[in-house]
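Engineer: Sharing data.cif (mmCIF, C-alpha atoms) below.
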data_input
#
loop_
_atom_site.label_atom_id
_atom_site.label_comp_id
_atom_site.auth_asym_id
_atom_site.auth_seq_id
_atom_site.Cartn_x
_atom_site.Cartn_y
_atom_site.Cartn_z
CA MET O 1 7.00 19.81 21.68
CA HIS O 2 4.75 20.69 18.75
CA SER O 3 7.38 23.00 17.22
CA SER O 4 9.79 20.07 16.84
CA ALA O 5 7.33 17.92 14.87
CA PRO O 6 8.07 19.43 11.41
CA ALA O 7 11.81 19.03 11.95
CA GLU O 8 11.34 15.44 13.11
CA GLY O 9 9.18 14.73 10.08
CA ALA O 10 11.76 16.19 7.70
CA ALA O 11 14.52 14.16 9.33
CA ARG O 12 12.45 10.99 9.10
CA SER O 13 11.71 11.64 5.43
CA ALA O 14 15.42 12.13 4.75
CA ASP O 15 16.24 8.93 6.62
CA LEU O 16 13.64 7.04 4.60
CA THR O 17 15.12 8.40 1.35
CA VAL O 18 18.55 7.15 2.44
CA LEU O 19 17.03 3.76 3.28
CA ASP O 20 15.38 3.54 -0.15
CA GLU O 21 18.69 4.31 -1.83
CA ARG O 22 20.49 1.67 0.21
CA ILE O 23 17.82 -0.91 -0.62
CA ALA O 24 18.13 -0.15 -4.34
CA GLY O 25 21.85 -0.87 -4.15
CA CYS O 26 21.62 -4.18 -2.28
CA ARG O 27 23.29 -7.26 -3.79
CA ALA O 28 23.04 -9.59 -0.78
CA CYS O 29 21.26 -12.55 -2.43
CA PRO O 30 23.16 -14.01 -5.42
CA ARG O 31 20.19 -15.93 -6.85
CA LEU O 32 17.94 -12.86 -6.80
CA VAL O 33 20.64 -10.59 -8.22
CA ALA O 34 21.20 -12.98 -11.11
CA TRP O 35 17.49 -13.38 -11.82
CA ARG O 36 16.49 -9.72 -11.67
CA GLU O 37 19.41 -8.77 -13.95
CA GLU O 38 18.71 -11.60 -16.39
CA VAL O 39 15.07 -10.51 -16.67
CA ALA O 40 16.16 -6.90 -17.15
CA ALA O 41 18.50 -7.93 -19.97
CA THR O 42 16.23 -10.37 -21.83
CA LYS O 43 12.97 -8.42 -21.20
CA ARG O 44 9.47 -9.37 -22.23
CA ALA O 45 8.65 -8.84 -25.90
CA ALA O 46 5.94 -6.30 -25.05
CA PHE O 47 8.53 -4.15 -23.24
CA ALA O 48 11.51 -4.75 -25.53
CA ASP O 49 11.97 -1.02 -26.15
CA GLN O 50 12.04 -0.14 -22.44
CA SER O 51 14.93 0.05 -20.01
CA TYR O 52 14.29 -2.20 -17.03
CA TRP O 53 15.06 -1.09 -13.49
CA GLY O 54 16.58 -4.49 -12.68
CA ARG O 55 17.41 -3.65 -9.05
CA PRO O 56 15.76 -4.03 -5.64
CA VAL O 57 12.55 -2.01 -5.49
CA PRO O 58 12.20 0.30 -2.45
CA GLY O 59 8.96 1.25 -0.76
CA PHE O 60 6.63 3.87 -2.23
CA GLY O 61 4.59 6.51 -0.43
CA PRO O 62 4.92 9.33 2.12
CA ALA O 63 7.21 9.14 5.14
CA ASP O 64 4.35 10.14 7.46
CA ALA O 65 2.03 7.35 6.32
CA SER O 66 -0.40 6.03 8.91
CA LEU O 67 -1.33 2.99 6.76
CA LEU O 68 1.25 0.55 5.39
CA LEU O 69 0.57 -2.09 2.73
CA VAL O 70 2.93 -5.08 2.76
CA GLY O 71 3.08 -7.28 -0.32
CA LEU O 72 5.32 -10.20 -1.27
CA ALA O 73 8.03 -9.16 -3.74
CA PRO O 74 8.27 -7.15 -6.98
CA ALA O 75 7.04 -8.79 -10.18
CA ALA O 76 9.68 -9.62 -12.78
CA HIS O 77 8.07 -7.45 -15.46
CA GLY O 78 6.27 -5.11 -13.06
CA GLY O 79 8.28 -3.50 -10.28
CA ASN O 80 11.51 -5.01 -11.57
CA ARG O 81 10.85 -3.16 -14.83
CA THR O 82 9.44 0.13 -13.54
CA GLY O 83 11.28 0.52 -10.23
CA ARG O 84 8.11 1.11 -8.18
CA MET O 85 6.09 -1.27 -6.04
CA PHE O 86 3.07 -2.84 -7.77
CA THR O 87 3.62 -0.74 -10.88
CA GLY O 88 3.30 -2.00 -14.43
CA ASP O 89 1.52 -5.32 -13.80
CA ARG O 90 -2.01 -6.61 -13.32
CA SER O 91 -1.65 -7.01 -9.56
CA GLY O 92 -0.86 -3.32 -9.33
CA ASP O 93 -3.79 -2.50 -11.60
CA VAL O 94 -6.12 -4.16 -9.09
CA LEU O 95 -4.48 -2.69 -5.99
CA TYR O 96 -4.24 0.93 -7.12
CA ALA O 97 -7.74 0.88 -8.62
CA ALA O 98 -9.06 -0.15 -5.20
CA LEU O 99 -6.96 2.46 -3.40
CA HIS O 100 -8.32 5.12 -5.75
CA ASP O 101 -11.88 3.86 -5.31
CA VAL O 102 -11.71 4.40 -1.55
CA GLY O 103 -9.91 7.75 -1.85
CA LEU O 104 -6.37 6.75 -0.89
CA ALA O 105 -4.69 7.32 -4.28
CA SER O 106 -4.78 10.20 -6.76
CA GLN O 107 -5.52 7.88 -9.69
CA GLY O 108 -6.52 4.29 -10.32
CA THR O 109 -3.58 3.27 -12.50
CA SER O 110 0.12 2.82 -11.85
CA VAL O 111 2.18 2.34 -15.01
CA SER O 112 5.50 4.13 -14.45
CA VAL O 113 7.44 6.11 -11.85
CA ASP O 114 6.62 9.38 -13.62
CA ASP O 115 2.86 8.85 -14.09
CA GLY O 116 1.92 11.33 -11.34
CA LEU O 117 0.46 8.79 -8.90
CA GLU O 118 0.27 9.99 -5.29
CA LEU O 119 -0.78 8.01 -2.24
CA TYR O 120 -2.64 9.72 0.59
CA GLY O 121 -1.41 8.62 4.01
CA VAL O 122 -0.42 5.23 2.58
CA ARG O 123 2.95 3.61 1.91
CA VAL O 124 3.51 0.37 0.01
CA THR O 125 6.43 -1.95 0.73
CA SER O 126 7.46 -5.59 0.59
CA PRO O 127 9.39 -8.05 2.78
CA VAL O 128 11.51 -9.05 -0.25
CA HIS O 129 12.69 -6.22 -2.50
CA CYS O 130 13.98 -8.21 -5.49
CA ALA O 131 11.87 -10.05 -8.06
CA PRO O 132 12.29 -13.79 -7.32
CA PRO O 133 12.12 -16.68 -9.80
CA ALA O 134 8.56 -18.06 -9.97
CA ASN O 135 7.53 -15.35 -7.48
CA LYS O 136 8.92 -17.54 -4.67
CA PRO O 137 11.73 -16.19 -2.49
CA THR O 138 13.49 -18.76 -0.34
CA PRO O 139 13.24 -18.54 3.46
CA GLU O 140 16.90 -17.53 3.52
CA GLU O 141 16.27 -14.68 1.03
CA ARG O 142 13.27 -13.54 3.05
CA ASP O 143 15.32 -13.47 6.25
CA THR O 144 18.27 -11.73 4.56
CA CYS O 145 15.94 -8.96 3.39
CA ARG O 146 14.21 -8.57 6.77
CA PRO O 147 16.50 -5.85 8.20
CA TRP O 148 15.30 -3.46 5.48
CA LEU O 149 11.67 -3.93 6.56
CA VAL O 150 12.61 -3.64 10.23
CA ARG O 151 14.35 -0.32 9.57
CA GLU O 152 11.40 0.93 7.53
CA LEU O 153 8.98 0.02 10.32
CA ARG O 154 11.10 1.85 12.86
CA LEU O 155 11.19 4.98 10.71
CA LEU O 156 7.43 4.87 10.11
CA ARG O 157 6.56 4.18 13.74
CA PRO O 158 5.72 7.76 14.84
CA THR O 159 2.74 7.90 12.46
CA LEU O 160 2.03 4.25 11.66
CA ARG O 161 -1.30 3.02 13.00
CA THR O 162 -2.47 0.27 10.65
CA VAL O 163 -0.98 -2.33 8.30
CA VAL O 164 -2.59 -4.41 5.56
CA VAL O 165 -0.60 -7.55 4.78
CA LEU O 166 -1.29 -9.12 1.39
CA GLY O 167 -1.08 -12.90 1.42
CA ALA O 168 0.25 -15.63 3.69
CA PHE O 169 3.89 -15.15 2.66
CA GLY O 170 3.78 -11.46 3.54
CA TRP O 171 2.08 -12.28 6.84
CA GLN O 172 4.72 -14.84 7.78
CA ALA O 173 7.49 -12.41 6.83
CA ALA O 174 5.99 -9.29 8.41
CA LEU O 175 5.22 -10.54 11.91
CA PRO O 176 8.86 -11.40 12.77
CA ALA O 177 9.88 -8.01 11.39
CA PHE O 178 7.39 -6.28 13.68
CA ALA O 179 8.74 -8.28 16.61
CA GLU O 180 12.30 -7.28 15.73
CA ALA O 181 11.22 -3.65 15.41
CA GLY O 182 9.88 -3.71 18.97
CA TRP O 183 6.20 -4.62 18.75
CA THR O 184 4.89 -7.53 20.83
CA VAL O 185 3.60 -10.35 18.61
CA PRO O 186 1.24 -12.80 20.38
CA ARG O 187 2.29 -16.41 20.87
CA PRO O 188 1.31 -18.63 19.26
CA ARG O 189 1.77 -16.38 16.25
CA PRO O 190 -1.61 -15.36 14.74
CA ALA O 191 -2.56 -17.33 11.63
CA PHE O 192 -3.12 -15.60 8.31
CA ALA O 193 -6.66 -15.31 7.00
CA HIS O 194 -8.47 -12.87 4.76
CA GLY O 195 -10.11 -10.40 7.12
CA ALA O 196 -7.89 -11.31 10.09
CA ARG O 197 -7.25 -8.45 12.52
CA VAL O 198 -4.52 -8.45 15.13
CA THR O 199 -3.37 -5.63 17.39
CA LEU O 200 0.34 -5.41 18.16
CA VAL O 201 1.45 -3.29 21.11
CA ARG O 202 4.84 -1.66 21.49
CA PRO O 203 6.10 0.15 24.60
CA PRO O 204 7.04 3.78 23.82
CA GLU O 205 10.75 4.39 23.30
CA PRO O 206 11.17 8.19 23.38
CA ASP O 207 14.92 8.09 22.84
CA GLU O 208 14.80 6.03 19.64
CA PRO O 209 16.35 7.96 16.72
CA GLY O 210 13.82 9.52 14.42
CA THR O 211 10.98 9.67 16.96
CA GLY O 212 9.85 12.30 19.41
CA THR O 213 8.56 11.69 22.92
CA GLU O 214 5.05 12.85 22.14
CA SER O 215 4.56 10.88 18.93
CA ALA O 216 6.21 7.77 20.39
CA SER O 217 3.81 7.78 23.33
CA ALA O 218 0.80 8.35 21.08
CA THR O 219 1.58 5.52 18.69
CA ALA O 220 2.06 2.51 20.95
CA SER O 221 0.16 -0.04 18.86
CA VAL O 222 -0.67 -1.00 15.29
CA GLU O 223 -3.59 -2.97 13.93
CA ILE O 224 -2.69 -5.62 11.35
CA PHE O 225 -5.24 -6.65 8.70
CA GLY O 226 -4.89 -9.79 6.61
CA CYS O 227 -5.97 -9.70 2.97
CA PHE O 228 -5.62 -12.21 0.14
CA HIS O 229 -2.81 -11.16 -2.18
CA VAL O 230 -3.73 -9.25 -5.35
CA SER O 231 -2.14 -11.98 -7.48
CA GLN O 232 -3.58 -12.79 -10.89
CA ARG O 233 -4.50 -16.23 -9.62
CA ASN O 234 -6.58 -14.79 -6.79
CA THR O 235 -8.22 -12.03 -8.81
CA PHE O 236 -8.90 -14.12 -11.93
CA THR O 237 -10.52 -16.93 -9.93
CA GLY O 238 -12.58 -14.59 -7.79
CA ARG O 239 -10.91 -15.62 -4.55
CA LEU O 240 -10.24 -11.91 -4.11
CA THR O 241 -12.80 -9.61 -5.70
CA PRO O 242 -12.45 -5.83 -6.03
CA GLU O 243 -15.22 -5.43 -3.47
CA MET O 244 -13.41 -7.67 -0.96
CA LEU O 245 -10.26 -5.63 -1.42
CA ARG O 246 -12.08 -2.32 -1.08
CA GLN O 247 -13.72 -3.51 2.15
CA VAL O 248 -10.38 -4.36 3.74
CA LEU O 249 -8.79 -1.10 2.59
CA ALA O 250 -11.72 0.97 3.83
CA ALA O 251 -11.67 -0.73 7.25
CA ALA O 252 -7.90 -0.31 7.48
CA ALA O 253 -8.11 3.34 6.47
CA GLU O 254 -10.72 3.97 9.17
CA SER O 255 -8.42 2.30 11.70
CA ALA O 256 -5.56 4.51 10.49
CA GLY O 257 -7.61 7.68 10.82
CA LEU O 258 -7.64 8.36 7.07
CA THR O 259 -10.52 9.94 5.21
CA THR O 260 -12.12 7.67 2.60
CA ARG O 261 -14.99 7.85 0.15
CA SER O 262 -17.58 5.32 -0.91
CA PRO O 263 -16.64 3.83 -4.30
#
For the structure just supplied, provide its representation as structure tokens.
Structural biologist:
Amino acid sequence: MHSSAPAEGAARSADLTVLDERIAGCRACPRLVAWREEVAATKRAAFADQSYWGRPVPGFGPADASLLLVGLAPAAHGGNRTGRMFTGDRSGDVLYAALHDVGLASQGTSVSVDDGLELYGVRVTSPVHCAPPANKPTPEERDTCRPWLVRELRLLRPTLRTVVVLGAFGWQAALPAFAEAGWTVPRPRPAFAHGARVTLVRPPEPDEPGTGTESASATASVEIFGCFHVSQRNTFTGRLTPEMLRQVLAAAAESAGLTTRSP
């Protein structure tokens, strides 16, 4: 059994790469396609000399991550410009600084796809992969994008132990995706709150593509943590402080079996 683990991991990584490529080519939501491409063409004055990504932004981080961070959607001049989740905007500055502080990232800044940033046991994704007008996807756009998150969750399942969901929108979008991916979500559905913790159980499915019998049996549940979103509104007003964010990330990392350090 153990000898098959490296091969399974390589296959899962390849499958995740294919998924990322498919996400980046999606044009399913006309409003989002028009907006992301308009922003990429008009640009912000500060980035006028840069080429914008202007496409859906796939997840970022290793295929064997045990901790998943779920945001909302890429920022118009952040991920939509750089092509990487939470990269090139102030929300990302706050998030990656906290990840670095607790030992889950190689550096505390995230400015471009070639800046050398590495995440340790952590992957970052979003329930909506296109930058939406006013940072507000519609329910229909959220639901149209859900199959991408469901597929990502299924591919991550052999190693995934813990999830941090940033904000109420992400919480409302993520729980149905977990249910669709096979985890049991309590009813009534748990309410979002900063510091909320919910355990979702999933019966092992040894024959599911991309998983092995041993790893499927060992990873039958995930713990979900709620955290206020790292939006400028929350961080500027002090609703979410760096210390609050570090506390959630440290607790989630411990749940995921990751090594951390005191900031």
Engineer: Taking a cut-off of 7 Å and counting only C-alpha atoms, can you build a table that, for each residue of stretch 88-162 of chain O near stretch 227-245 of chain O, reports the nearest atom pair and how far apart they are in Å (one decimal), sorted by chain then residue number, as a tab-separated table?
Structural biologist:
residue	atom	partner	partner_atom	distance
O:Arg90	CA	O:Gln232	CA	6.8
O:Ser91	CA	O:Val230	CA	5.2
O:Val94	CA	O:Val230	CA	6.8
O:Leu95	CA	O:Val230	CA	6.6
O:Ala98	CA	O:Pro242	CA	6.7
Engineer: Selected residues, C-alpha atoms, written as a PDB file, in the frame of the given file, please.
Structural biologist:
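What ended up in part_26.pdb:
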ATOM      1  CA  ARG O  90      -2.010  -6.610 -13.320  1.00  0.00           C
ATOM      2  CA  SER O  91      -1.650  -7.010  -9.560  1.00  0.00           C
ATOM      3  CA  VAL O  94      -6.120  -4.160  -9.090  1.00  0.00           C
ATOM      4  CA  LEU O  95      -4.480  -2.690  -5.990  1.00  0.00           C
ATOM      5  CA  ALA O  98      -9.060  -0.150  -5.200  1.00  0.00           C
TER       6      ALA O  98
END
Engineer: Identify which of the residues O:Phe47, O:Trp148, O:Phe169, O:Tyr120 lies closest to O:Ala65, counting all atoms listed in the file when measuring atom-to-atom distances.
Structural biologist: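 When distances to O:Ala65 are compared using all atoms listed in the file, the smallest one comes from O:Tyr120.
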Engineer: For the atom pair atom CA of O:Asp114 and atom CA of O:Cys29, what is the interatomic distance in Å to one decimal place?
Structural biologist: 28.6 Å
Engineer: If you measure from atom CA of O:Arg36 to atom CA of O:Ala76, what distance in Å do you get, rounded to one decimal?
Structural biologist: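 One can read the atom CA of O:Arg36 to atom CA of O:Ala76 distance as 6.9 Å.
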Engineer: Excluding stretch 177-194 of chain O and residues on its chain fewer than 5 positions from it, collect all residues at most 7 Å away from it, counting only C-alpha atoms, and give them as a VMD selection string.
Structural biologist: chain O and resid 146 149 to 150 153 to 154 168 171 200 to 202 226 to 228
Engineer: List the neighbours of O:Ala46 out to 12 Å using all atoms listed in the file; skip same-chain residues closer than 3 positions along the sequence, and give me the result as a PyMOL selection string.
Structural biologist: chain O and resi 42-43+49-50+77+81+88
Engineer: To test your reading of the syntax: which residues would the PyMOL selection byres ((chain O and resi 75) around 9) return for the file shown? Reply as a ChimeraX atom specification.
Structural biologist: /O:73-74,76-81,85-89,91,130-132,135
Engineer: Suppose you want the space between atom CA of O:Gly9 and atom CA of O:Arg151; what is it in Å?
Structural biologist: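 According to the coordinates, atom CA of O:Gly9 and atom CA of O:Arg151 are separated by 15.9 Å.
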Engineer: Leaving out O:Arg246 and any residue of its chain fewer than 6 positions from it, which residues lie within 9 Å of it when counting all atoms listed in the file, given as a list in words?
Structural biologist: Ala98, Leu99, Asp101, Val102 and Pro263 of chain O
Engineer: Return the single residue from O:Glu254, O:Glu37, O:Glu141, O:Glu8 that is closest to O:Ser66, with distances computed using all atoms listed in the file.
Structural biologist: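 Of the candidates, the smallest distance to O:Ser66 is held by O:Glu254.
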Engineer: For a quick check of understanding, using only C-alpha atoms, which of O:Gly167, O:Gly103, O:Pro158, O:Pro127 has the smallest distance to O:Leu249?
Structural biologist: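 Closest residue, counting only C-alpha atoms: O:Gly103.
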Engineer: Extract, using all atoms listed in the file, all DNA, RNA and protein residues at most 8 Å from O:Thr199, discarding same-chain residues fewer than 4 positions from it, and format them as a ChimeraX atom specification.
Structural biologist: /O:221-224
Engineer: Report as an MDAnalysis selection string all protein, DNA and RNA residues lying within 9 Å of O:Thr125, evaluated on all atoms listed in the file, omitting residues in the same chain fewer than 3 positions from it.
Structural biologist: chainID O and resid 57:61 68:73 85 128:129 149 152
Engineer: Return as JSON the centre and edge lengths, in Å with one decimal, of the box along x, y and z that encloses every atom of stretch 197-202 of chain O in the file, padded by 8 Å per side.
Structural biologist:
{"center_x": -1.2, "center_y": -5.1, "center_z": 17.0, "size_x": 28.1, "size_y": 22.8, "size_z": 25.0}
Engineer: On this file, the PyMOL selection byres ((chain O and resi 25) around 12) gives some set of residues; write that set as a PDB file with C-alpha atoms, in the frame of the given file.
Structural biologist:
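As a result, part-v9.pdb now contains:
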ATOM      1  CA  VAL O  18      18.550   7.150   2.440  1.00  0.00           C
ATOM      2  CA  LEU O  19      17.030   3.760   3.280  1.00  0.00           C
ATOM      3  CA  ASP O  20      15.380   3.540  -0.150  1.00  0.00           C
ATOM      4  CA  GLU O  21      18.690   4.310  -1.830  1.00  0.00           C
ATOM      5  CA  ARG O  22      20.490   1.670   0.210  1.00  0.00           C
ATOM      6  CA  ILE O  23      17.820  -0.910  -0.620  1.00  0.00           C
ATOM      7  CA  ALA O  24      18.130  -0.150  -4.340  1.00  0.00           C
ATOM      8  CA  CYS O  26      21.620  -4.180  -2.280  1.00  0.00           C
ATOM      9  CA  ARG O  27      23.290  -7.260  -3.790  1.00  0.00           C
ATOM     10  CA  ALA O  28      23.040  -9.590  -0.780  1.00  0.00           C
ATOM     11  CA  CYS O  29      21.260 -12.550  -2.430  1.00  0.00           C
ATOM     12  CA  VAL O  33      20.640 -10.590  -8.220  1.00  0.00           C
ATOM     13  CA  TRP O  53      15.060  -1.090 -13.490  1.00  0.00           C
ATOM     14  CA  GLY O  54      16.580  -4.490 -12.680  1.00  0.00           C
ATOM     15  CA  ARG O  55      17.410  -3.650  -9.050  1.00  0.00           C
ATOM     16  CA  PRO O  56      15.760  -4.030  -5.640  1.00  0.00           C
ATOM     17  CA  VAL O  57      12.550  -2.010  -5.490  1.00  0.00           C
ATOM     18  CA  PRO O  58      12.200   0.300  -2.450  1.00  0.00           C
ATOM     19  CA  HIS O 129      12.690  -6.220  -2.500  1.00  0.00           C
ATOM     20  CA  CYS O 130      13.980  -8.210  -5.490  1.00  0.00           C
ATOM     21  CA  TRP O 148      15.300  -3.460   5.480  1.00  0.00           C
TER      22      TRP O 148
END
Engineer: Nearest to O:Leu117: which of O:Pro203, O:Pro62, O:Pro30, O:Pro176 is it, counting all atoms listed in the file?
Structural biologist: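 Checking each candidate against O:Leu117, we get O:Pro62 as the closest.
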Engineer: Please enumerate the residues selected by the PyMOL selection byres ((chain O and resi 104) around 10) when evaluated against the supplied file, formatted as an MDAnalysis selection string.
Structural biologist: chainID O and resid 67 96:103 105:108 118:122 249:250 253 258:261
Engineer: With N, CA and C atoms as the target, complete stretch 100-111 of chain O and hand it back as a CSV table (one decimal), in the frame of the given file.
Structural biologist:
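Written file, out-v2.csv:
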chain,number,residue,atom,x,y,z
O,100,HIS,N,-7.7,3.9,-5.2
O,100,HIS,CA,-8.3,5.1,-5.8
O,100,HIS,C,-9.8,5.1,-5.5
O,101,ASP,N,-10.4,4.0,-5.6
O,101,ASP,CA,-11.9,3.9,-5.3
O,101,ASP,C,-12.2,4.3,-3.9
O,102,VAL,N,-11.4,4.0,-2.9
O,102,VAL,CA,-11.7,4.4,-1.6
O,102,VAL,C,-11.1,5.7,-1.1
O,103,GLY,N,-10.4,6.4,-2.1
O,103,GLY,CA,-9.9,7.8,-1.8
O,103,GLY,C,-8.5,7.8,-1.3
O,104,LEU,N,-7.7,6.8,-1.4
O,104,LEU,CA,-6.4,6.8,-0.9
O,104,LEU,C,-5.3,6.9,-1.9
O,105,ALA,N,-5.7,7.1,-3.2
O,105,ALA,CA,-4.7,7.3,-4.3
O,105,ALA,C,-5.3,8.4,-5.2
O,106,SER,N,-4.4,9.1,-5.9
O,106,SER,CA,-4.8,10.2,-6.8
O,106,SER,C,-5.3,9.7,-8.1
O,107,GLN,N,-5.0,8.5,-8.4
O,107,GLN,CA,-5.5,7.9,-9.7
O,107,GLN,C,-5.6,6.4,-9.5
O,108,GLY,N,-6.3,5.7,-10.4
O,108,GLY,CA,-6.5,4.3,-10.3
O,108,GLY,C,-5.6,3.4,-11.1
O,109,THR,N,-4.6,4.0,-11.7
O,109,THR,CA,-3.6,3.3,-12.5
O,109,THR,C,-2.2,3.6,-12.0
O,110,SER,N,-1.3,2.6,-12.2
O,110,SER,CA,0.1,2.8,-11.8
O,110,SER,C,1.0,2.1,-12.9
O,111,VAL,N,1.5,2.9,-13.9
O,111,VAL,CA,2.2,2.3,-15.0
O,111,VAL,C,3.7,2.7,-15.1
